[in-house]
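Next comes my_file.cif, with mmCIF, N, CA and C atoms.
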```cif
data_entry
#
loop_
_atom_site.group_PDB
_atom_site.id
_atom_site.type_symbol
_atom_site.label_atom_id
_atom_site.label_comp_id
_atom_site.auth_asym_id
_atom_site.auth_seq_id
_atom_site.Cartn_x
_atom_site.Cartn_y
_atom_site.Cartn_z
ATOM 1 N N MET Y 1 0.817 -1.191 0.000
ATOM 2 C CA MET Y 1 0.000 0.000 0.000
ATOM 3 C C MET Y 1 0.867 1.263 0.000
ATOM 4 N N TRP Y 2 1.965 1.225 0.728
ATOM 5 C CA TRP Y 2 2.843 2.390 0.833
ATOM 6 C C TRP Y 2 3.390 2.781 -0.529
ATOM 7 N N LEU Y 3 3.801 1.812 -1.327
ATOM 8 C CA LEU Y 3 4.305 2.115 -2.666
ATOM 9 C C LEU Y 3 3.202 2.669 -3.560
ATOM 10 N N ARG Y 4 2.017 2.151 -3.431
ATOM 11 C CA ARG Y 4 0.895 2.681 -4.211
ATOM 12 C C ARG Y 4 0.669 4.156 -3.925
ATOM 13 N N LEU Y 5 0.751 4.531 -2.671
ATOM 14 C CA LEU Y 5 0.583 5.932 -2.296
ATOM 15 C C LEU Y 5 1.667 6.812 -2.916
ATOM 16 N N LYS Y 6 2.807 6.216 -3.207
ATOM 17 C CA LYS Y 6 3.905 6.957 -3.840
ATOM 18 C C LYS Y 6 3.824 6.917 -5.371
ATOM 19 N N GLY Y 7 2.757 6.341 -5.910
ATOM 20 C CA GLY Y 7 2.549 6.342 -7.349
ATOM 21 C C GLY Y 7 3.029 5.107 -8.085
ATOM 22 N N TYR Y 8 3.366 4.042 -7.375
ATOM 23 C CA TYR Y 8 3.810 2.804 -8.000
ATOM 24 C C TYR Y 8 2.607 1.921 -8.306
ATOM 25 N N ARG Y 9 2.656 1.230 -9.412
ATOM 26 C CA ARG Y 9 1.649 0.220 -9.736
ATOM 27 C C ARG Y 9 2.269 -1.140 -9.427
ATOM 28 N N ILE Y 10 1.661 -1.883 -8.551
ATOM 29 C CA ILE Y 10 2.187 -3.187 -8.142
ATOM 30 C C ILE Y 10 1.821 -4.219 -9.200
ATOM 31 N N LEU Y 11 2.843 -4.877 -9.746
ATOM 32 C CA LEU Y 11 2.637 -5.904 -10.773
ATOM 33 C C LEU Y 11 2.649 -7.311 -10.179
ATOM 34 N N ALA Y 12 3.447 -7.511 -9.132
ATOM 35 C CA ALA Y 12 3.544 -8.841 -8.516
ATOM 36 C C ALA Y 12 4.035 -8.700 -7.082
ATOM 37 N N ARG Y 13 3.611 -9.643 -6.255
ATOM 38 C CA ARG Y 13 4.084 -9.738 -4.871
ATOM 39 C C ARG Y 13 4.515 -11.162 -4.618
ATOM 40 N N GLY Y 14 5.614 -11.324 -3.921
ATOM 41 C CA GLY Y 14 6.077 -12.668 -3.587
ATOM 42 C C GLY Y 14 6.359 -13.522 -4.809
ATOM 43 N N PHE Y 15 6.973 -12.930 -5.817
ATOM 44 C CA PHE Y 15 7.301 -13.679 -7.040
ATOM 45 C C PHE Y 15 8.433 -14.649 -6.727
ATOM 46 N N ARG Y 16 8.159 -15.951 -6.895
ATOM 47 C CA ARG Y 16 9.146 -16.989 -6.557
ATOM 48 C C ARG Y 16 9.382 -17.907 -7.748
ATOM 49 N N VAL Y 17 10.639 -18.167 -7.985
ATOM 50 C CA VAL Y 17 11.068 -19.167 -8.959
ATOM 51 C C VAL Y 17 12.199 -19.949 -8.306
ATOM 52 N N ASN Y 18 12.625 -21.020 -8.967
ATOM 53 C CA ASN Y 18 13.647 -21.869 -8.333
ATOM 54 C C ASN Y 18 14.984 -21.161 -8.134
ATOM 55 N N VAL Y 19 15.248 -20.071 -8.847
ATOM 56 C CA VAL Y 19 16.539 -19.378 -8.729
ATOM 57 C C VAL Y 19 16.512 -18.224 -7.735
ATOM 58 N N GLY Y 20 15.329 -17.856 -7.240
ATOM 59 C CA GLY Y 20 15.251 -16.753 -6.289
ATOM 60 C C GLY Y 20 13.844 -16.229 -6.146
ATOM 61 N N GLU Y 21 13.735 -15.124 -5.437
ATOM 62 C CA GLU Y 21 12.426 -14.519 -5.246
ATOM 63 C C GLU Y 21 12.552 -13.007 -5.152
ATOM 64 N N ILE Y 22 11.424 -12.359 -5.448
ATOM 65 C CA ILE Y 22 11.343 -10.907 -5.374
ATOM 66 C C ILE Y 22 10.109 -10.578 -4.555
ATOM 67 N N ASP Y 23 10.266 -9.722 -3.562
ATOM 68 C CA ASP Y 23 9.141 -9.390 -2.706
ATOM 69 C C ASP Y 23 8.063 -8.618 -3.456
ATOM 70 N N ILE Y 24 8.461 -7.580 -4.199
ATOM 71 C CA ILE Y 24 7.499 -6.753 -4.929
ATOM 72 C C ILE Y 24 8.091 -6.377 -6.280
ATOM 73 N N VAL Y 25 7.267 -6.470 -7.313
ATOM 74 C CA VAL Y 25 7.626 -5.947 -8.633
ATOM 75 C C VAL Y 25 6.622 -4.829 -8.908
ATOM 76 N N ALA Y 26 7.144 -3.646 -9.208
ATOM 77 C CA ALA Y 26 6.276 -2.487 -9.397
ATOM 78 C C ALA Y 26 6.708 -1.696 -10.620
ATOM 79 N N LEU Y 27 5.807 -0.833 -11.052
ATOM 80 C CA LEU Y 27 6.065 0.011 -12.212
ATOM 81 C C LEU Y 27 5.758 1.451 -11.830
ATOM 82 N N ARG Y 28 6.681 2.347 -12.180
ATOM 83 C CA ARG Y 28 6.449 3.765 -11.940
ATOM 84 C C ARG Y 28 7.186 4.576 -12.992
ATOM 85 N N ARG Y 29 6.440 5.391 -13.699
ATOM 86 C CA ARG Y 29 7.006 6.301 -14.696
ATOM 87 C C ARG Y 29 7.947 5.599 -15.670
ATOM 88 N N GLY Y 30 7.524 4.460 -16.164
ATOM 89 C CA GLY Y 30 8.302 3.736 -17.162
ATOM 90 C C GLY Y 30 9.506 2.989 -16.627
ATOM 91 N N VAL Y 31 9.610 2.864 -15.314
ATOM 92 C CA VAL Y 31 10.715 2.125 -14.696
ATOM 93 C C VAL Y 31 10.148 0.902 -13.986
ATOM 94 N N LEU Y 32 10.706 -0.256 -14.302
ATOM 95 C CA LEU Y 32 10.330 -1.499 -13.651
ATOM 96 C C LEU Y 32 11.198 -1.642 -12.408
ATOM 97 N N VAL Y 33 10.559 -1.746 -11.255
ATOM 98 C CA VAL Y 33 11.279 -1.731 -9.985
ATOM 99 C C VAL Y 33 11.099 -3.071 -9.279
ATOM 100 N N PHE Y 34 12.230 -3.693 -8.958
ATOM 101 C CA PHE Y 34 12.246 -4.933 -8.188
ATOM 102 C C PHE Y 34 12.613 -4.547 -6.757
ATOM 103 N N VAL Y 35 11.706 -4.841 -5.831
ATOM 104 C CA VAL Y 35 11.848 -4.347 -4.462
ATOM 105 C C VAL Y 35 12.062 -5.502 -3.494
ATOM 106 N N GLU Y 36 13.109 -5.397 -2.700
ATOM 107 C CA GLU Y 36 13.347 -6.314 -1.591
ATOM 108 C C GLU Y 36 12.903 -5.607 -0.326
ATOM 109 N N VAL Y 37 12.113 -6.284 0.509
ATOM 110 C CA VAL Y 37 11.620 -5.709 1.752
ATOM 111 C C VAL Y 37 12.277 -6.446 2.908
ATOM 112 N N LYS Y 38 12.860 -5.681 3.818
ATOM 113 C CA LYS Y 38 13.492 -6.260 5.001
ATOM 114 C C LYS Y 38 12.870 -5.663 6.243
ATOM 115 N N ALA Y 39 12.451 -6.513 7.146
ATOM 116 C CA ALA Y 39 11.914 -6.058 8.432
ATOM 117 C C ALA Y 39 13.047 -6.066 9.447
ATOM 118 N N ARG Y 40 13.164 -4.972 10.173
ATOM 119 C CA ARG Y 40 14.175 -4.847 11.216
ATOM 120 C C ARG Y 40 13.515 -4.332 12.476
ATOM 121 N N ARG Y 41 13.936 -4.859 13.586
ATOM 122 C CA ARG Y 41 13.357 -4.477 14.860
ATOM 123 C C ARG Y 41 13.461 -2.972 15.087
ATOM 124 N N ASP Y 42 14.627 -2.410 14.803
ATOM 125 C CA ASP Y 42 14.807 -0.969 15.012
ATOM 126 C C ASP Y 42 14.334 -0.157 13.819
ATOM 127 N N GLY Y 43 14.160 -0.795 12.669
ATOM 128 C CA GLY Y 43 13.606 -0.142 11.498
ATOM 129 C C GLY Y 43 14.493 0.873 10.825
ATOM 130 N N GLY Y 44 15.648 1.154 11.385
ATOM 131 C CA GLY Y 44 16.413 2.229 10.803
ATOM 132 C C GLY Y 44 17.893 1.956 10.611
ATOM 133 N N ASN Y 45 18.411 0.950 11.246
ATOM 134 C CA ASN Y 45 19.840 0.685 11.096
ATOM 135 C C ASN Y 45 20.175 0.177 9.714
ATOM 136 N N ASP Y 46 21.405 0.357 9.318
ATOM 137 C CA ASP Y 46 21.837 -0.089 8.004
ATOM 138 C C ASP Y 46 22.038 -1.589 7.917
ATOM 139 N N ASP Y 47 21.783 -2.330 9.015
ATOM 140 C CA ASP Y 47 21.951 -3.784 8.909
ATOM 141 C C ASP Y 47 20.969 -4.373 7.911
ATOM 142 N N GLY Y 48 19.858 -3.704 7.654
ATOM 143 C CA GLY Y 48 18.949 -4.148 6.597
ATOM 144 C C GLY Y 48 19.618 -4.064 5.250
ATOM 145 N N LEU Y 49 20.367 -3.005 5.020
ATOM 146 C CA LEU Y 49 21.105 -2.854 3.773
ATOM 147 C C LEU Y 49 22.163 -3.933 3.639
ATOM 148 N N GLU Y 50 22.886 -4.181 4.695
ATOM 149 C CA GLU Y 50 23.938 -5.192 4.648
ATOM 150 C C GLU Y 50 23.371 -6.565 4.330
ATOM 151 N N ALA Y 51 22.228 -6.893 4.924
ATOM 152 C CA ALA Y 51 21.642 -8.216 4.722
ATOM 153 C C ALA Y 51 21.235 -8.428 3.278
ATOM 154 N N VAL Y 52 20.629 -7.430 2.665
ATOM 155 C CA VAL Y 52 20.136 -7.617 1.302
ATOM 156 C C VAL Y 52 21.231 -7.411 0.268
ATOM 157 N N LEU Y 53 22.239 -6.673 0.615
ATOM 158 C CA LEU Y 53 23.276 -6.367 -0.363
ATOM 159 C C LEU Y 53 24.416 -7.377 -0.376
ATOM 160 N N SER Y 54 24.244 -8.476 0.308
ATOM 161 C CA SER Y 54 25.268 -9.505 0.194
ATOM 162 C C SER Y 54 25.288 -9.989 -1.256
ATOM 163 N N PRO Y 55 26.439 -10.340 -1.772
ATOM 164 C CA PRO Y 55 26.516 -10.783 -3.169
ATOM 165 C C PRO Y 55 25.561 -11.936 -3.479
ATOM 166 N N ARG Y 56 25.423 -12.851 -2.567
ATOM 167 C CA ARG Y 56 24.547 -14.005 -2.801
ATOM 168 C C ARG Y 56 23.090 -13.563 -2.966
ATOM 169 N N GLN Y 57 22.625 -12.699 -2.065
ATOM 170 C CA GLN Y 57 21.238 -12.243 -2.138
ATOM 171 C C GLN Y 57 20.997 -11.403 -3.392
ATOM 172 N N ARG Y 58 21.901 -10.508 -3.717
ATOM 173 C CA ARG Y 58 21.763 -9.691 -4.937
ATOM 174 C C ARG Y 58 21.666 -10.591 -6.161
ATOM 175 N N HIS Y 59 22.495 -11.613 -6.199
ATOM 176 C CA HIS Y 59 22.501 -12.536 -7.339
ATOM 177 C C HIS Y 59 21.166 -13.268 -7.465
ATOM 178 N N ARG Y 60 20.630 -13.742 -6.356
ATOM 179 C CA ARG Y 60 19.355 -14.459 -6.382
ATOM 180 C C ARG Y 60 18.216 -13.539 -6.840
ATOM 181 N N ILE Y 61 18.213 -12.303 -6.383
ATOM 182 C CA ILE Y 61 17.174 -11.363 -6.787
ATOM 183 C C ILE Y 61 17.311 -11.022 -8.267
ATOM 184 N N ALA Y 62 18.542 -10.813 -8.727
ATOM 185 C CA ALA Y 62 18.767 -10.508 -10.146
ATOM 186 C C ALA Y 62 18.327 -11.671 -11.037
ATOM 187 N N ARG Y 63 18.613 -12.899 -10.611
ATOM 188 C CA ARG Y 63 18.188 -14.061 -11.405
ATOM 189 C C ARG Y 63 16.667 -14.190 -11.416
ATOM 190 N N ALA Y 64 16.039 -13.888 -10.295
ATOM 191 C CA ALA Y 64 14.576 -13.915 -10.254
ATOM 192 C C ALA Y 64 14.003 -12.818 -11.151
ATOM 193 N N ALA Y 65 14.662 -11.666 -11.205
ATOM 194 C CA ALA Y 65 14.220 -10.582 -12.090
ATOM 195 C C ALA Y 65 14.320 -11.014 -13.548
ATOM 196 N N GLU Y 66 15.387 -11.709 -13.898
ATOM 197 C CA GLU Y 66 15.531 -12.227 -15.264
ATOM 198 C C GLU Y 66 14.384 -13.196 -15.584
ATOM 199 N N ALA Y 67 14.056 -14.054 -14.634
ATOM 200 C CA ALA Y 67 12.965 -15.005 -14.842
ATOM 201 C C ALA Y 67 11.633 -14.270 -14.993
ATOM 202 N N PHE Y 68 11.426 -13.228 -14.211
ATOM 203 C CA PHE Y 68 10.201 -12.439 -14.320
ATOM 204 C C PHE Y 68 10.095 -11.831 -15.718
ATOM 205 N N LEU Y 69 11.202 -11.308 -16.219
ATOM 206 C CA LEU Y 69 11.193 -10.689 -17.548
ATOM 207 C C LEU Y 69 10.954 -11.721 -18.651
ATOM 208 N N LYS Y 70 11.441 -12.926 -18.471
ATOM 209 C CA LYS Y 70 11.175 -13.979 -19.459
ATOM 210 C C LYS Y 70 9.685 -14.324 -19.509
ATOM 211 N N LEU Y 71 9.043 -14.255 -18.350
ATOM 212 C CA LEU Y 71 7.606 -14.529 -18.287
ATOM 213 C C LEU Y 71 6.769 -13.329 -18.729
ATOM 214 N N ASN Y 72 7.386 -12.148 -18.750
ATOM 215 C CA ASN Y 72 6.703 -10.910 -19.120
ATOM 216 C C ASN Y 72 7.537 -10.139 -20.135
ATOM 217 N N PRO Y 73 7.726 -10.695 -21.325
ATOM 218 C CA PRO Y 73 8.628 -10.074 -22.302
ATOM 219 C C PRO Y 73 8.199 -8.671 -22.718
ATOM 220 N N ASN Y 74 6.935 -8.334 -22.574
ATOM 221 C CA ASN Y 74 6.467 -6.994 -22.911
ATOM 222 C C ASN Y 74 7.079 -5.915 -22.003
ATOM 223 N N LEU Y 75 7.652 -6.320 -20.869
ATOM 224 C CA LEU Y 75 8.271 -5.373 -19.938
ATOM 225 C C LEU Y 75 9.785 -5.278 -20.094
ATOM 226 N N SER Y 76 10.355 -6.107 -20.957
ATOM 227 C CA SER Y 76 11.811 -6.206 -21.037
ATOM 228 C C SER Y 76 12.502 -4.968 -21.605
ATOM 229 N N GLU Y 77 11.761 -4.100 -22.280
ATOM 230 C CA GLU Y 77 12.363 -2.890 -22.835
ATOM 231 C C GLU Y 77 12.402 -1.733 -21.842
ATOM 232 N N LEU Y 78 11.771 -1.901 -20.691
ATOM 233 C CA LEU Y 78 11.732 -0.836 -19.690
ATOM 234 C C LEU Y 78 13.053 -0.723 -18.945
ATOM 235 N N SER Y 79 13.330 0.449 -18.417
ATOM 236 C CA SER Y 79 14.455 0.610 -17.504
ATOM 237 C C SER Y 79 14.148 -0.179 -16.243
ATOM 238 N N MET Y 80 15.193 -0.704 -15.608
ATOM 239 C CA MET Y 80 15.012 -1.499 -14.389
ATOM 240 C C MET Y 80 15.773 -0.868 -13.240
ATOM 241 N N ARG Y 81 15.270 -1.152 -12.039
ATOM 242 C CA ARG Y 81 15.935 -0.660 -10.842
ATOM 243 C C ARG Y 81 15.685 -1.657 -9.711
ATOM 244 N N PHE Y 82 16.668 -1.780 -8.821
ATOM 245 C CA PHE Y 82 16.544 -2.643 -7.653
ATOM 246 C C PHE Y 82 16.507 -1.763 -6.405
ATOM 247 N N ASP Y 83 15.370 -1.812 -5.697
ATOM 248 C CA ASP Y 83 15.175 -0.993 -4.502
ATOM 249 C C ASP Y 83 15.122 -1.866 -3.261
ATOM 250 N N LEU Y 84 15.304 -1.204 -2.136
ATOM 251 C CA LEU Y 84 15.201 -1.849 -0.836
ATOM 252 C C LEU Y 84 14.272 -1.023 0.030
ATOM 253 N N ILE Y 85 13.370 -1.688 0.721
ATOM 254 C CA ILE Y 85 12.537 -1.017 1.716
ATOM 255 C C ILE Y 85 12.799 -1.702 3.052
ATOM 256 N N VAL Y 86 13.187 -0.905 4.042
ATOM 257 C CA VAL Y 86 13.422 -1.414 5.388
ATOM 258 C C VAL Y 86 12.267 -0.940 6.254
ATOM 259 N N VAL Y 87 11.590 -1.894 6.883
ATOM 260 C CA VAL Y 87 10.450 -1.571 7.740
ATOM 261 C C VAL Y 87 10.768 -1.961 9.173
ATOM 262 N N GLY Y 88 10.207 -1.202 10.094
ATOM 263 C CA GLY Y 88 10.404 -1.489 11.509
ATOM 264 C C GLY Y 88 9.206 -1.025 12.306
ATOM 265 N N ARG Y 89 9.049 -1.608 13.437
ATOM 266 C CA ARG Y 89 7.911 -1.294 14.291
ATOM 267 C C ARG Y 89 7.947 0.174 14.707
ATOM 268 N N GLY Y 90 6.815 0.835 14.519
ATOM 269 C CA GLY Y 90 6.694 2.215 14.971
ATOM 270 C C GLY Y 90 7.436 3.237 14.126
ATOM 271 N N ARG Y 91 7.885 2.857 12.939
ATOM 272 C CA ARG Y 91 8.615 3.786 12.066
ATOM 273 C C ARG Y 91 8.047 3.732 10.663
ATOM 274 N N TRP Y 92 8.218 4.818 9.938
ATOM 275 C CA TRP Y 92 7.868 4.823 8.525
ATOM 276 C C TRP Y 92 8.853 3.931 7.781
ATOM 277 N N PRO Y 93 8.406 3.267 6.741
ATOM 278 C CA PRO Y 93 9.340 2.476 5.919
ATOM 279 C C PRO Y 93 10.422 3.385 5.326
ATOM 280 N N ARG Y 94 11.624 2.861 5.234
ATOM 281 C CA ARG Y 94 12.738 3.584 4.596
ATOM 282 C C ARG Y 94 12.935 2.990 3.212
ATOM 283 N N HIS Y 95 12.744 3.821 2.200
ATOM 284 C CA HIS Y 95 12.834 3.370 0.815
ATOM 285 C C HIS Y 95 14.183 3.795 0.246
ATOM 286 N N HIS Y 96 15.003 2.812 -0.080
ATOM 287 C CA HIS Y 96 16.315 3.057 -0.679
ATOM 288 C C HIS Y 96 16.194 2.762 -2.172
ATOM 289 N N LYS Y 97 16.070 3.821 -2.964
ATOM 290 C CA LYS Y 97 15.933 3.650 -4.412
ATOM 291 C C LYS Y 97 17.299 3.311 -4.997
ATOM 292 N N ALA Y 98 17.282 2.447 -6.003
ATOM 293 C CA ALA Y 98 18.520 2.021 -6.673
ATOM 294 C C ALA Y 98 19.565 1.594 -5.645
ATOM 295 N N ALA Y 99 19.156 0.725 -4.744
ATOM 296 C CA ALA Y 99 20.039 0.273 -3.659
ATOM 297 C C ALA Y 99 21.238 -0.506 -4.195
ATOM 298 N N TRP Y 100 21.073 -1.140 -5.338
ATOM 299 C CA TRP Y 100 22.171 -1.846 -6.001
ATOM 300 C C TRP Y 100 21.831 -2.042 -7.462
ATOM 301 N N ARG Y 101 22.817 -2.440 -8.222
ATOM 302 C CA ARG Y 101 22.618 -2.768 -9.636
ATOM 303 C C ARG Y 101 22.771 -4.261 -9.809
ATOM 304 N N SER Y 102 22.154 -4.801 -10.852
ATOM 305 C CA SER Y 102 22.206 -6.253 -11.067
ATOM 306 C C SER Y 102 23.612 -6.729 -11.412
ATOM 307 N N ASP Y 103 24.463 -5.835 -11.861
ATOM 308 C CA ASP Y 103 25.825 -6.239 -12.231
ATOM 309 C C ASP Y 103 26.819 -6.031 -11.103
ATOM 310 N N ASP Y 104 26.347 -5.667 -9.896
ATOM 311 C CA ASP Y 104 27.244 -5.477 -8.739
ATOM 312 C C ASP Y 104 27.820 -6.797 -8.293
#
```
Would you mind writing the structure in this file as structure tokens?
Amino acid sequence: MWLRLKGYRILARGFRVNVGEIDIVALRRGVLVFVEVKARRDGGNDDGLEAVLSPRQRHRIARAAEAFLKLNPNLSELSMRFDLIVVGRGRWPRHHKAAWRSDD
């Protein structure tokens, strides 16, 4: 719901394939956004960034994004971005746009 309020159109939630998963796939202003959501007790520390930005996790998300595009070839010409949202109790979600690139 939070992304919708920011003008994103949600295309998929919990997209899972054997090579990985993506929490949210959204579209905004011609950009296809693959979003990883991390819940943290404090909601604000950078440990959420560290957890998702490990090379292994980035690779799994990128491979899942490739699989999503194979299933949705009409979206393959769009610009892509990988975002991170860190949520915590009693805090607004922290949205890190372009948190990493698929070639990192």
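Our summary of the geometry notes that atom CA of Y:His59 is positioned 7.3 Å from atom CA of Y:Ser102.
Shortest atom-to-atom contact with Y:Pro55 among Y:Arg101, Y:Ala26, Y:Tyr8, Y:Asn18: Y:Arg101, counting only C-alpha atoms.
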* Counting only C-alpha atoms, which of Y:Gly30, Y:Ala65, Y:Arg91, Y:Trp100 gets nearest to Y:Ala12? ->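 Comparing Y:Gly30, Y:Ala65, Y:Arg91, Y:Trp100 against Y:Ala12, the winner is Y:Ala65.
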* **Selected residue of minimal separation from Y:Val17 among Y:Gln57, Y:Glu66, Y:Lys97, Y:Phe34, counting only C-alpha atoms** => Y:Glu66
* DSSP says helix (DSSP H, G or I) for which residues of chain Y? Put them as a VMD selection string? -> chain Y and resid 2 to 5 47 to 52 55 to 71 73 to 75
* To do: Return the single residue from Y:Ala64, Y:Ala39, Y:Ala99, Y:Leu69 that is closest to Y:Val86, with distances computed using all atoms listed in the file.
  => Y:Ala39
* Exercise: residues within 6 Å of coordinate (14.8, -0.9, -8.0), counting only C-alpha atoms, as a VMD selection string -> chain Y and resid 33 to 35 81 to 83 97 to 98
What would the file look like if the residues just selected were written as a CSV table (one decimal), in the coordinates of the input with N, CA and C atoms?
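Produced file out_11.csv, reproduced below:
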```
chain,number,residue,atom,x,y,z
Y,33,VAL,N,10.6,-1.7,-11.3
Y,33,VAL,CA,11.3,-1.7,-10.0
Y,33,VAL,C,11.1,-3.1,-9.3
Y,34,PHE,N,12.2,-3.7,-9.0
Y,34,PHE,CA,12.2,-4.9,-8.2
Y,34,PHE,C,12.6,-4.5,-6.8
Y,35,VAL,N,11.7,-4.8,-5.8
Y,35,VAL,CA,11.8,-4.3,-4.5
Y,35,VAL,C,12.1,-5.5,-3.5
Y,81,ARG,N,15.3,-1.2,-12.0
Y,81,ARG,CA,15.9,-0.7,-10.8
Y,81,ARG,C,15.7,-1.7,-9.7
Y,82,PHE,N,16.7,-1.8,-8.8
Y,82,PHE,CA,16.5,-2.6,-7.7
Y,82,PHE,C,16.5,-1.8,-6.4
Y,83,ASP,N,15.4,-1.8,-5.7
Y,83,ASP,CA,15.2,-1.0,-4.5
Y,83,ASP,C,15.1,-1.9,-3.3
Y,97,LYS,N,16.1,3.8,-3.0
Y,97,LYS,CA,15.9,3.6,-4.4
Y,97,LYS,C,17.3,3.3,-5.0
Y,98,ALA,N,17.3,2.4,-6.0
Y,98,ALA,CA,18.5,2.0,-6.7
Y,98,ALA,C,19.6,1.6,-5.6
```
Once 6 Å is added on each side, what centre and edge lengths in Å to one decimal does the axis-aligned box around all listed atoms of stretch 21-25 of chain Y have, as lines of an AutoDock Vina configuration file?
```
center_x = 10.2
center_y = -10.0
center_z = -5.8
size_x = 19.1
size_y = 22.3
size_z = 18.2
```
* Determine, counting all atoms listed in the file, every residue of protein, DNA or RNA that lies within 5 Å of (12.2, -1.3, 8.2) in the file coordinates, then give the result as an NGL selection string. => :Y and (38-40 or 43 or 86-88)
* Have a look at atom CA of Y:Leu3 and atom CA of Y:Leu78 and let me know their distance in Å, one decimal. =>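 Distance reported for this atom pair: 18.8 Å.
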* **Å distance separating atom CA of Y:His96 from atom N of Y:Glu77, one decimal place** =>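 If I compute the distance from atom CA of Y:His96 to atom N of Y:Glu77, I get 23.2 Å.
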* Write out as a VMD selection string all residues of chain Y that DSSP puts in strand (DSSP E) for this structure's backbone. => chain Y and resid 9 to 17 20 to 28 31 to 39 79 to 87 94 to 100
* Of the candidates Y:Phe68, Y:Leu11, Y:Asn74, Y:Ile61, which shows the shortest atom-to-atom distance to Y:Val25, using only C-alpha atoms? ->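 Between Y:Phe68, Y:Leu11, Y:Asn74, Y:Ile61, the residue approaching Y:Val25 most closely is Y:Leu11.
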